[in-house]
Each structure stands twice: as structure tokens, then as C-alpha cells.
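Asker: File follows, input_0.txt with compact mmCIF, C-alpha atoms:
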# COMPACT_ATOMS: atom_id res chain seq x y z
CA MET A 156 -21.27 -24.71 6.06
CA PHE A 157 -21.96 -21.15 4.89
CA ALA A 158 -25.36 -22.02 3.39
CA ILE A 159 -26.72 -23.75 6.50
CA ASN A 160 -28.79 -21.91 9.07
CA PRO A 161 -26.77 -22.33 12.31
CA PHE A 162 -29.80 -21.68 14.52
CA ALA A 163 -31.75 -24.57 12.97
CA ALA A 164 -29.13 -27.05 14.22
CA ILE A 165 -29.65 -26.07 17.84
CA SER A 166 -33.44 -25.80 17.60
CA ALA A 167 -33.69 -29.46 18.63
CA SER A 168 -32.32 -28.77 22.10
CA ILE A 169 -33.43 -25.14 22.52
CA PRO A 170 -37.01 -24.32 21.45
CA PRO A 171 -37.29 -21.59 18.79
CA ALA A 172 -39.58 -19.63 21.12
CA ALA A 173 -36.75 -19.36 23.65
CA MET A 174 -34.35 -18.07 20.99
CA GLN A 175 -36.95 -15.57 19.76
CA GLY A 176 -37.59 -14.50 23.35
CA PHE A 177 -33.85 -13.94 23.85
CA VAL A 178 -33.68 -11.74 20.74
CA LEU A 179 -36.68 -9.71 21.98
CA VAL A 180 -35.06 -9.30 25.40
CA MET A 181 -31.87 -8.03 23.70
CA VAL A 182 -33.91 -5.49 21.68
CA ALA A 183 -35.66 -4.37 24.87
CA LEU A 184 -32.29 -4.04 26.63
CA VAL A 185 -30.99 -1.75 23.87
CA VAL A 186 -34.12 0.43 24.01
CA VAL A 187 -34.22 0.63 27.81
CA GLY A 188 -30.43 1.04 28.07
CA THR A 189 -30.38 3.86 25.54
CA LEU A 190 -33.27 5.69 27.24
CA PHE A 191 -31.56 5.26 30.62
CA ASP A 192 -28.31 6.55 29.12
CA ILE A 193 -30.04 9.61 27.64
CA ILE A 194 -31.81 10.46 30.91
CA HIS A 195 -28.83 9.69 33.15
CA LYS A 196 -26.32 11.73 31.13
CA GLY A 197 -28.82 14.42 30.13
CA SER A 198 -27.55 14.16 26.56
CA ALA A 199 -30.93 14.80 24.90
CA LYS A 200 -31.51 17.85 27.10
CA TYR A 201 -28.01 19.13 26.25
CA PHE A 202 -28.63 18.50 22.55
CA PHE A 203 -31.92 20.40 22.45
CA ASP A 204 -30.56 23.25 24.63
CA ASN A 205 -27.60 23.58 22.29
CA MET A 206 -29.84 23.51 19.23
CA GLY A 207 -31.97 26.27 20.75
CA LYS A 208 -28.90 28.40 21.52
CA SER A 209 -27.51 27.89 18.03
CA LYS A 210 -30.87 28.78 16.49
CA ALA A 211 -31.15 31.94 18.57
CA LYS A 212 -27.66 33.10 17.56
CA GLY A 213 -27.95 32.04 13.91
CA SER A 214 -28.62 34.58 11.21
CA ALA A 215 -29.55 32.39 8.22
CA ASP A 216 -32.61 30.23 7.61
CA VAL A 217 -31.84 26.54 7.70
CA ASN A 218 -33.17 23.76 5.48
CA VAL A 219 -33.52 21.12 8.21
CA VAL A 220 -34.67 18.35 5.86
CA GLY A 221 -31.74 18.86 3.50
CA ILE A 222 -29.29 18.83 6.41
CA ALA A 223 -30.90 15.69 7.82
CA VAL A 224 -30.46 13.97 4.45
CA GLN A 225 -26.84 15.14 4.22
CA THR A 226 -26.16 13.90 7.75
CA ALA A 227 -27.75 10.54 6.98
CA VAL A 228 -25.86 10.05 3.72
CA VAL A 229 -22.42 11.49 4.57
CA ASP A 230 -22.03 11.15 8.34
CA VAL A 231 -24.09 8.03 9.02
CA LEU A 232 -23.97 5.87 5.89
CA ALA A 233 -20.42 6.81 4.85
CA SER A 234 -18.89 7.53 8.32
CA GLY A 235 -17.89 10.97 7.03
CA GLU A 236 -16.82 12.37 10.41
CA PHE A 237 -13.60 10.33 10.54
CA CYS A 238 -10.50 12.22 9.46
CA ASN A 239 -8.35 9.07 9.63
CA THR A 240 -8.97 6.90 6.55
CA ARG A 241 -8.00 3.63 8.24
CA ARG A 242 -10.41 4.27 11.09
CA ARG A 243 -13.11 5.18 8.64
CA ILE A 244 -12.70 1.94 6.68
CA ALA A 245 -12.60 -0.10 9.89
CA HIS A 246 -15.75 1.65 11.10
CA LEU A 247 -17.58 1.05 7.82
CA LEU A 248 -16.63 -2.63 7.89
CA THR A 249 -17.74 -3.05 11.49
CA MET A 250 -20.93 -1.00 11.10
CA TYR A 251 -22.24 -2.64 7.93
CA GLY A 252 -21.02 -6.05 9.09
CA PHE A 253 -22.92 -5.62 12.36
CA ILE A 254 -26.09 -4.53 10.54
CA PHE A 255 -25.92 -7.55 8.18
CA TYR A 256 -25.15 -9.84 11.10
CA VAL A 257 -27.96 -8.59 13.35
CA VAL A 258 -30.61 -8.41 10.60
CA SER A 259 -29.78 -11.90 9.32
CA THR A 260 -29.76 -13.26 12.89
CA VAL A 261 -33.25 -11.84 13.47
CA VAL A 262 -34.52 -13.21 10.12
CA LEU A 263 -32.99 -16.65 10.77
CA VAL A 264 -34.35 -16.90 14.30
CA PHE A 265 -37.84 -15.65 13.48
CA SER A 266 -38.49 -16.79 9.89
CA HIS A 267 -36.44 -19.97 9.59
CA PRO A 268 -36.02 -21.25 13.16
CA THR A 269 -36.02 -24.95 12.24
CA SER A 270 -35.13 -25.14 8.53
CA SER A 271 -31.46 -25.55 7.60
CA ALA A 272 -31.92 -23.97 4.18
CA ALA A 273 -32.81 -20.30 4.51
CA GLY A 274 -31.93 -18.71 1.18
CA PHE A 275 -29.09 -16.21 1.25
CA TRP A 276 -29.56 -15.29 4.93
CA PRO A 277 -26.95 -17.71 6.34
CA GLN A 278 -24.38 -16.40 3.84
CA LEU A 279 -25.24 -12.82 4.83
CA TRP A 280 -24.83 -13.84 8.50
CA TRP A 281 -21.34 -15.18 7.78
CA ILE A 282 -20.35 -12.20 5.61
CA GLY A 283 -21.60 -9.72 8.23
CA GLY A 284 -19.78 -11.57 11.01
CA ALA A 285 -16.55 -11.70 8.98
CA MET A 286 -16.77 -7.96 8.27
CA VAL A 287 -17.20 -7.22 12.00
CA LEU A 288 -14.19 -9.38 12.80
CA VAL A 289 -11.94 -7.78 10.15
CA GLY A 290 -12.96 -4.23 11.17
CA GLY A 291 -13.03 -5.01 14.89
CA TYR A 292 -9.69 -6.82 15.19
CA TRP A 293 -7.97 -4.31 12.86
CA PHE A 294 -9.27 -1.52 15.08
CA TRP A 295 -8.42 -3.21 18.37
CA PHE A 296 -4.90 -4.32 17.51
CA PHE A 297 -3.71 -1.59 15.18
CA ILE A 298 -5.71 1.64 15.06
CA ARG A 299 -7.42 2.37 18.34
CA VAL A 300 -6.14 5.32 20.37
CA ASP A 301 -2.59 4.61 21.40
CA VAL A 302 -2.10 4.85 25.14
CA ALA A 303 1.13 2.82 25.16
CA ALA A 304 3.01 6.13 25.13
CA GLU A 305 1.43 6.93 28.52
CA GLY A 306 3.22 3.99 30.09
CA GLY A 307 0.19 1.68 30.14
CA ALA A 308 0.31 -1.79 28.62
CA ALA A 309 -0.74 -1.70 24.97
CA LEU A 310 -3.46 -4.30 25.45
CA ARG A 311 -4.74 -3.11 28.84
CA VAL A 312 -8.49 -3.68 28.97
CA MET A 313 -10.69 -1.13 30.69
CA HIS A 314 -14.23 0.11 31.00
CA ALA A 315 -14.05 2.11 27.75
CA ASP A 316 -13.43 -1.13 25.81
CA LEU A 317 -16.69 -2.75 26.91
CA PHE A 318 -18.50 -2.14 23.63
CA VAL A 319 -15.85 -3.09 21.12
CA LEU A 320 -14.60 -6.11 23.06
CA SER A 321 -18.07 -7.51 23.77
CA LEU A 322 -18.94 -7.00 20.10
CA ILE A 323 -15.82 -8.80 18.90
CA ALA A 324 -16.30 -11.55 21.49
CA SER A 325 -19.95 -12.05 20.60
CA VAL A 326 -19.30 -12.29 16.86
CA THR A 327 -16.13 -14.42 17.24
CA LEU A 328 -17.90 -16.89 19.52
CA GLY A 329 -20.99 -16.88 17.28
CA LEU A 330 -18.99 -17.78 14.20
CA LEU A 331 -16.86 -20.32 16.09
CA TRP A 332 -20.01 -22.00 17.41
CA ALA A 333 -21.55 -22.09 13.91
CA TRP A 334 -18.34 -23.65 12.58
CA LEU A 335 -17.40 -26.09 15.35
CA GLY A 336 -20.70 -26.54 17.21
CA GLY A 337 -20.89 -27.50 20.88
CA PHE A 338 -22.83 -26.28 23.87
CA ILE A 339 -19.94 -24.49 25.58
CA LEU A 340 -19.27 -22.22 22.61
CA PHE A 341 -23.00 -21.54 22.31
CA ALA A 342 -23.23 -20.63 26.02
CA LEU A 343 -20.23 -18.30 25.74
CA TYR A 344 -21.77 -16.74 22.61
CA ILE A 345 -24.99 -16.06 24.51
CA VAL A 346 -23.12 -14.59 27.50
CA ALA A 347 -21.02 -12.27 25.27
CA THR A 348 -24.16 -11.20 23.37
CA ALA A 349 -26.00 -10.48 26.62
CA ILE A 350 -23.05 -8.35 27.79
CA LEU A 351 -23.00 -6.50 24.45
CA PHE A 352 -26.68 -5.58 24.49
CA GLY A 353 -27.14 -5.45 28.26
CA GLY A 354 -24.12 -3.17 28.70
CA VAL A 355 -25.61 -0.31 26.69
CA PRO A 356 -25.84 2.15 29.64
CA TRP A 357 -22.14 1.62 30.44
CA SER A 358 -20.70 1.17 26.97
CA LYS A 359 -20.34 3.12 23.74
CA PHE A 360 -23.22 1.27 22.10
CA ALA A 361 -25.49 4.34 22.22
CA HIS A 362 -23.10 6.25 19.93
CA MET A 363 -25.26 5.13 17.03
CA PHE A 364 -27.86 7.56 18.35
CA PHE A 365 -25.85 10.47 19.73
CA LYS A 366 -23.17 10.66 17.02
CA PRO A 367 -25.67 11.35 14.20
CA ALA A 368 -27.37 13.91 16.49
CA ALA A 369 -24.03 15.67 17.07
CA ALA A 370 -23.20 15.57 13.32
CA PHE A 371 -26.63 17.03 12.54
CA GLU A 372 -26.10 19.82 15.06
CA LYS A 373 -22.67 20.57 13.55
CA ARG A 374 -24.16 20.88 10.07
CA VAL A 375 -27.00 23.09 11.34
CA SER A 376 -24.50 25.42 13.02
CA GLU A 377 -22.56 25.66 9.74
CA ALA A 378 -25.72 26.42 7.80
CA ASN A 379 -27.07 29.05 10.16
CA GLY A 380 -23.78 30.92 10.36
CA THR A 381 -22.84 30.21 13.99
CA HIS A 382 -20.24 27.55 13.05
CA GLN A 383 -19.94 26.40 16.67
CA ASN A 384 -18.39 29.80 17.30
CA LEU A 385 -15.45 29.01 14.99
CA PRO A 386 -13.95 31.66 12.70
CA THR A 387 -15.58 31.85 9.30
CA LEU A 388 -13.10 33.94 7.32
CA THR A 389 -11.48 32.04 4.43
CA ARG A 390 -9.41 32.77 1.36
CA ASP A 391 -12.30 31.61 -0.82
CA ASP A 392 -13.86 35.01 -0.26
CA PRO A 393 -12.25 37.44 -2.81
CA LYS A 394 -12.73 40.30 -0.35
CA GLN A 395 -10.55 38.53 2.21
CA ARG A 396 -7.82 37.99 -0.39
CA GLU A 397 -7.51 41.78 -0.65
CA ARG A 398 -6.79 42.18 3.08
CA HIS A 399 -3.44 43.68 3.98
CA SER A 400 -2.66 40.62 6.12
CA MET A 401 -3.14 38.34 3.11
CA GLU A 402 -0.71 40.17 0.82
CA LEU A 403 1.81 37.30 0.84
CA LEU A 404 -0.79 34.83 -0.41
CA LYS A 405 -2.04 36.90 -3.32
CA ASP A 406 -0.47 34.72 -6.01
CA ALA A 407 -0.35 31.49 -4.04
CA PRO A 408 -2.35 28.44 -5.24
CA MET A 409 -5.70 27.81 -3.53
CA ASP A 410 -4.64 24.26 -2.64
CA MET A 411 -1.45 24.29 -0.57
CA GLY A 412 -1.44 20.55 0.16
CA LEU A 413 -1.74 18.54 3.34
CA GLY A 414 0.52 20.31 5.83
CA ILE A 415 0.66 18.54 9.19
CA LYS A 416 -1.39 15.65 7.83
CA ARG A 417 1.49 14.61 5.55
CA GLU A 418 2.62 12.31 8.35
CA PRO A 419 0.46 10.49 10.88
CA PRO A 420 0.85 11.32 14.57
CA ARG A 421 3.28 9.03 16.35
CA HIS A 422 2.99 10.33 19.94
CA TYR A 423 6.56 11.56 20.55
CA MET B 90 -4.47 31.41 28.50
CA PRO B 91 -3.79 27.67 28.83
CA THR B 92 -5.58 25.18 26.64
CA PHE B 93 -8.23 22.60 27.44
CA VAL B 94 -9.91 19.83 25.45
CA TYR B 95 -13.60 19.31 24.79
CA MET B 96 -13.58 15.57 25.38
CA THR B 97 -16.74 14.99 23.37
CA ARG B 98 -15.11 16.42 20.25
CA CYS B 99 -11.68 14.78 20.68
CA ASP B 100 -11.14 11.49 18.86
CA GLY B 101 -7.74 10.76 20.35
CA CYS B 102 -5.77 11.14 17.10
CA GLY B 103 -2.67 12.38 18.95
CA HIS B 104 -1.69 15.39 16.80
CA CYS B 105 -1.68 17.62 19.90
CA VAL B 106 0.46 15.10 21.80
CA ASP B 107 3.01 15.12 19.00
CA ILE B 108 3.18 18.87 18.60
CA CYS B 109 3.12 20.14 22.21
CA PRO B 110 6.55 21.70 22.94
CA SER B 111 5.93 21.48 26.67
CA ASP B 112 4.94 17.80 26.51
CA ILE B 113 1.80 18.41 28.55
CA MET B 114 -0.81 17.22 26.06
CA HIS B 115 -1.36 13.56 26.88
CA ILE B 116 -3.87 10.86 26.11
CA ASP B 117 -6.04 9.92 29.09
CA LYS B 118 -5.45 6.25 29.82
CA THR B 119 -9.05 5.58 30.80
CA TYR B 120 -11.04 7.65 28.34
CA ARG B 121 -8.52 7.64 25.46
CA ARG B 122 -8.99 11.34 24.80
CA ALA B 123 -6.38 14.07 24.93
CA TYR B 124 -6.10 16.43 27.88
CA ASN B 125 -3.79 19.11 29.18
CA ILE B 126 -2.09 17.43 32.15
CA GLU B 127 -0.70 20.63 33.65
CA PRO B 128 -2.21 23.95 32.51
CA ASN B 129 0.27 25.86 34.75
CA MET B 130 3.09 24.66 32.52
CA CYS B 131 1.33 25.58 29.26
CA TRP B 132 3.48 27.87 27.10
CA GLU B 133 0.29 29.13 25.50
CA CYS B 134 1.78 28.65 22.05
CA TYR B 135 -1.56 27.25 20.83
CA SER B 136 0.19 24.70 18.63
CA CYS B 137 -2.27 22.05 19.82
CA VAL B 138 -5.26 24.33 19.23
CA LYS B 139 -4.12 24.92 15.66
CA ALA B 140 -3.16 21.29 15.00
CA CYS B 141 -6.41 19.72 16.22
CA PRO B 142 -8.34 18.42 13.19
CA GLN B 143 -11.60 18.29 15.18
CA ASN B 144 -11.36 21.82 16.68
CA ALA B 145 -11.62 20.12 20.03
CA ILE B 146 -9.13 22.35 21.88
CA ASP B 147 -9.82 25.84 23.19
CA MET B 148 -8.16 28.34 25.47
CA ARG B 149 -9.29 29.10 28.96
CA GLY B 150 -8.69 32.70 29.95
CA TYR B 151 -7.33 33.53 33.39
CA ALA B 152 -10.20 34.72 35.54
CA ASP B 153 -8.56 38.02 36.50
CA PHE B 154 -8.38 39.54 33.04
CA ALA B 155 -10.61 37.31 30.92
CA PRO B 156 -13.60 36.42 33.05
CA LEU B 157 -16.40 34.19 31.88
CA GLY B 158 -18.13 35.19 28.72
CA HIS B 159 -15.20 35.65 26.36
CA SER B 160 -14.10 33.23 23.67
CA VAL B 161 -11.06 32.72 21.47
CA ARG B 162 -11.53 30.26 18.62
CA VAL B 163 -9.18 29.37 15.82
CA GLN B 164 -9.53 27.63 12.48
CA ARG B 165 -6.32 26.49 10.81
CA ASP B 166 -6.95 25.79 7.15
CA GLU B 167 -3.84 24.06 5.84
CA LYS B 168 -5.25 23.51 2.38
CA LYS B 169 -5.70 27.22 1.91
CA GLY B 170 -2.57 28.10 3.91
CA THR B 171 -4.38 30.37 6.34
CA ILE B 172 -5.26 30.69 9.97
CA ALA B 173 -8.37 32.51 11.14
CA TRP B 174 -9.05 33.75 14.66
CA LYS B 175 -12.37 34.82 16.10
CA ILE B 176 -12.20 36.70 19.36
CA LYS B 177 -15.34 37.54 21.26
CA PHE B 178 -15.01 39.97 24.10
CA ARG B 179 -17.21 39.89 27.13
CA ASN B 180 -19.08 43.00 26.03
CA GLY B 181 -20.06 41.37 22.73
CA THR B 182 -17.32 42.96 20.60
CA GLU B 183 -16.14 40.48 17.99
CA LYS B 184 -12.86 40.59 16.09
CA ASN B 185 -11.92 38.39 13.16
CA PHE B 186 -8.43 37.90 11.78
CA LEU B 187 -7.08 35.99 8.80
CA SER B 188 -3.35 35.43 8.25
CA PRO B 189 -1.07 33.22 6.15
CA ILE B 190 0.67 30.20 7.74
CA THR B 191 2.66 29.41 4.62
CA THR B 192 3.29 31.23 1.39
CA LYS B 193 4.27 28.17 -0.67
CA PRO B 194 2.73 24.68 -0.94
CA TRP B 195 3.65 22.49 2.03
CA GLY B 196 6.85 20.46 1.85
CA GLN B 197 7.90 21.38 -1.68
CA TYR B 198 10.41 24.14 -1.09
CA ILE B 199 12.58 22.78 1.70
CA PRO B 200 16.06 24.32 1.29
CA LYS B 201 18.79 21.72 0.73
CA LEU B 202 21.32 23.28 3.09
CA ALA B 203 23.61 20.25 2.97
CA GLU B 204 24.31 20.97 -0.67
CA VAL B 205 25.22 24.62 -0.08
CA PRO B 206 29.01 25.23 -0.29
CA PRO B 207 30.61 26.24 3.03
CA PRO B 208 31.26 29.98 3.54
CA SER B 209 34.63 31.43 2.57
CA LYS B 210 36.83 33.26 5.09
CA GLU B 211 35.73 36.56 3.61
CA MET B 212 32.07 35.66 4.14
CA ARG B 213 32.74 34.54 7.72
CA ASP B 214 34.44 37.83 8.54
CA SER B 215 31.62 39.84 7.01
CA GLN B 216 28.87 41.36 9.18
CA LEU B 217 26.20 40.01 6.86
CA LEU B 218 24.29 36.87 7.82
CA TYR B 219 23.68 33.81 5.64
CA ASN B 220 22.14 34.80 2.30
CA GLU B 221 22.20 38.51 3.09
CA PRO B 222 21.76 40.80 1.26
CA LYS B 223 19.83 38.51 -1.15
CA TRP B 224 17.05 37.59 1.29
CA ILE B 225 16.46 41.12 2.52
CA ARG B 226 16.29 42.18 -1.16
CA MET B 227 19.01 44.85 -0.71
CA ASP B 228 20.19 44.02 -4.22
CA ASP B 229 16.70 44.69 -5.57
CA GLY B 230 16.23 48.42 -5.29
CA GLY B 231 17.81 49.12 -1.92
CA LEU B 232 16.21 48.87 1.52
CA HIS B 233 12.49 48.02 1.39
CA THR B 234 10.68 50.44 3.65
CA LEU B 235 7.00 51.14 4.21
CA GLU B 236 7.48 54.38 2.33
CA ALA B 237 9.13 52.65 -0.63
CA ALA B 238 6.23 50.17 -0.73
CA GLY B 239 3.70 53.00 -0.73
CA LEU B 240 2.43 52.16 2.78
CA LYS B 241 1.97 54.35 5.83
CA LEU B 242 2.40 53.42 9.47
CA LYS B 243 -0.93 53.85 11.21
CA LYS B 244 -1.58 53.90 14.93
CA GLY B 245 -3.13 50.75 16.39
CA VAL B 246 -4.01 47.44 14.79
CA TYR B 247 -5.63 47.66 11.41
CA TYR B 248 -6.63 45.06 8.81
For the structure just supplied, provide its representation as C-alpha cells.
Answerer:
Amino acid sequence: MFAINPFAAISASIPPAAMQGFVLVMVALVVVGTLFDIIHKGSAKYFFDNMGKSKAKGSADVNVVGIAVQTAVVDVLASGEFCNTRRRIAHLLTMYGFIFYVVSTVVLVFSHPTSSAAGFWPQLWWIGGAMVLVGGYWFWFFIRVDVAAEGGAALRVMHADLFVLSLIASVTLGLLWAWLGGFILFALYIVATAILFGGVPWSKFAHMFFKPAAAFEKRVSEANGTHQNLPTLTRDDPKQRERHSMELLKDAPMDMGLGIKREPPRHY
Amino acid sequence: MPTFVYMTRCDGCGHCVDICPSDIMHIDKTYRRAYNIEPNMCWECYSCVKACPQNAIDMRGYADFAPLGHSVRVQRDEKKGTIAWKIKFRNGTEKNFLSPITTKPWGQYIPKLAEVPPPSKEMRDSQLLYNEPKWIRMDDGGLHTLEAAGLKLKKGVYY
């Protein structure tokens, strides 16, 4: 089952050109949706205005290439912005799973539309899908922001859930269809996928573009000394350790432990 | 100055909800980000500002004495045991402060008060409070004054 190209099985009833056309339409929807989102929300304008302000206030020269590499490696590839480990693992699973799943889908549909054997691509498709499901369901049922304490039902679905739910639905239905077959599952899979990619202007899908931009801006502000206007004094500076206000910490260890992070928030 | 949340920085972790003594930091049901539901009832203790791991909470000055253009930002560094404040006045004056928030590693020196023997009648009748004079170091060279410590009281705030 895992070594067979699922799209080859349906190529008898749906021509490969139609499947390839659908994939191209989805790509176009993401591009158009993201551009619409950027223009509608003014996020790119805000980003560049903020960068300009930070640059004008900054005192140090900034190595933009180095920061871009750091952002790509730490914040993008390793999801370094998460301070909650469980969320970070769930995000890594979902992100890499989605990349494997989408890339292998494109390869299967375009390079092997009618052949059942397609090398390792079907296995990668299954592995990617399984990773999305593990990360996605773990996130949805256990680690998403808890609003139950606000009196709402724990599983209340709303606009903000459009991205994650359409992603989980698309992958779940895709894998179910590949396992069980049948036209109904395939139709539902296509509908969920269309909602996932077509809903870009209304969902969180575009975060893959604006989150790295925000992380980059944060790193630039740290490098140029503006630090998003945050205080910069620390005990690492020997001069600060000599301050009168720091007398009580003169002999204290430099690592005092986790503090408030020793226990996770429980909302009351 | 009551607090407010930059919703783009908040990730909904809930530390501010847990720590708010006035119970006014809540998670928005639609956007799943924290917000101050009633700034009028804010005690202005800044517990949420200090607890936020994303530095997503700031203070909003009242317009009559802190009009637009000022800023108060805080960085609580638990690992180092310090808190730093950066205050920018409207005229461009900037003040930076650094103070301890603990003097010992977190959670390792919690006094076991349940194991302390109950006070005797003599101790109860005494004017001294629990652990005095030990904790005010009266038994270690008398009363500790600025003069005894070689310090001088200066006018104003100095660091």
C-alpha cells in the first residue's frame, strides 16, 4: 500500500492533465491569496516602514546576510521562535510533514501520473501525511491555546481554525482515500484541499511568509542596538554588576534557573 | 498606567492569565490571544508585563500625564535573576534601570516552615517578630545603618 502511487489508481477515471491543472490552480491560489493578504492588511508596508524606523534609530552596522542565514536556520528550519517545547515539536512535525507531503504530491502528479511504482515518492507522501496528522491532531486536541477557561466549549470551531482544520482534514481525507479508495473520499479530499489553499486570504496560511519576516526584523533590531525598544542592560556586563542596585547579586550564580517557567501556565 | 497586549507578538501561552491578581488578563475567544479585558480595573502591578515570555505586553500611559511619545519597556531575565526597565520620556530623555528579582536560584531555598517548632510563651510575649533579631542581623555587629555600611544618603534617585 505504502509503495503504490495513489494518484495512478485514479488516473483511469480522471485524466492526469486535470489533476495537474488542479495542482497548478492551487499554487496560483496560494500566490494570489498571499499577495491579496499582503495588500489588504498592509503587512509588507508595515514591515518595510518598521525596518526603516529601526534602521534610522540603530547605532550599529548590521550584517544582513548573516542575520538572514540565522533566521533561516534557527527561526524557519528549527522553529526557534517557540518558547513551548511541545508546540515547537508539533510545529516541526506539521511543517516538515506538510513539505514532504506537498512536494511528493507534486512529483507524483506531474512525473508519475499513471505509473503505480514511483520510487520512494509514495512512501514520502505517506510519511509526510502521517507527520502532519501526528503534529496537527496533537496540536488541535492538546496544545492549542486554551479558551475553555473563558467559558467557551473546548472544541468550538471558529474562523481562526480555518488553516489548521482544513490542513488536517485535507491530509486525513487524502490518506483515507489512498487507503480505502472510493470516489466520495476523493471528492471530500479535493474539497478540503481547495478550502486549504483557496482560504489563504482568510486563514493563517500566509504565516509561512510573514513569520520569517518578523523574526528577521527582530534579529536586525537586536543587532543594530534598538532591541525593539526593550531594555538592554544585563548582568553579563561587568560594569552593570558593580551598580549599587546589583549589590545583592554580586556573588550569585549567573544561571538562577527557570523561575516562572518551572511550571506551565494552567489558566487559573 | 494599565497594560495592553500587542496581539501580533502574543502566542496565547497564558502566563499573564495565570499571574494577573485582578483576573483581567483573559484569552480572546476568537483570536486566541491575551488581552486586558478591563484596563480601568488594572492594579498596574505589571506582573503580566514581567511574566510575558514574548515581551508582548506594554503599559499605556494616561493621556493627562503621559501623553503620546513616551515608552516604558521591561525585560525580566529570570536566568540571570534581574529585571531591566527602559523609560523613554517624551522629550527624548532615556533612563535605564537594572535590579535583582531574586538573590538565590529559583525554588531551591524555600523555607520549610512546617518543620519549625512552635514559639514558646516567652517568644509570643516578646516584641520581636519571627526570626528577629537573626534576620535583621542585630546579632551580627548591631544595627546595620547606611553609616555603618560606609554609605551616604544622597538626594534624589541615583544608580
Asker: Could you please select, counting all atoms listed in the file, the residues of chain A within 10 Å of chain B and state them as a PyMOL selection string?
Answerer: chain A and resi 236-239+298-308+311-316+369+383-391+395-396+398-423
Asker: If we count all atoms listed in the file, what is near region 321-333 of chain A at a cut-off of 10 Å, once residues fewer than 3 positions away on the same chain are taken out, given as a PyMOL selection string?
Answerer: chain A and resi 156-157+159-162+164-165+249+253+256+280-281+283-292+295+316-318+336-352+354+358+360
Asker: May I ask for the distance between CA of Arg149 (chain B) and CA of Phe93 (chain B), given in Å to one decimal place?
Answerer: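 These two atoms are separated by 6.8 Å.
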Asker: Could you tell me how far CA of Ala361 (chain A) sits from CA of Thr189 (chain A), in Å to one decimal place?
Answerer: 5.9 Å
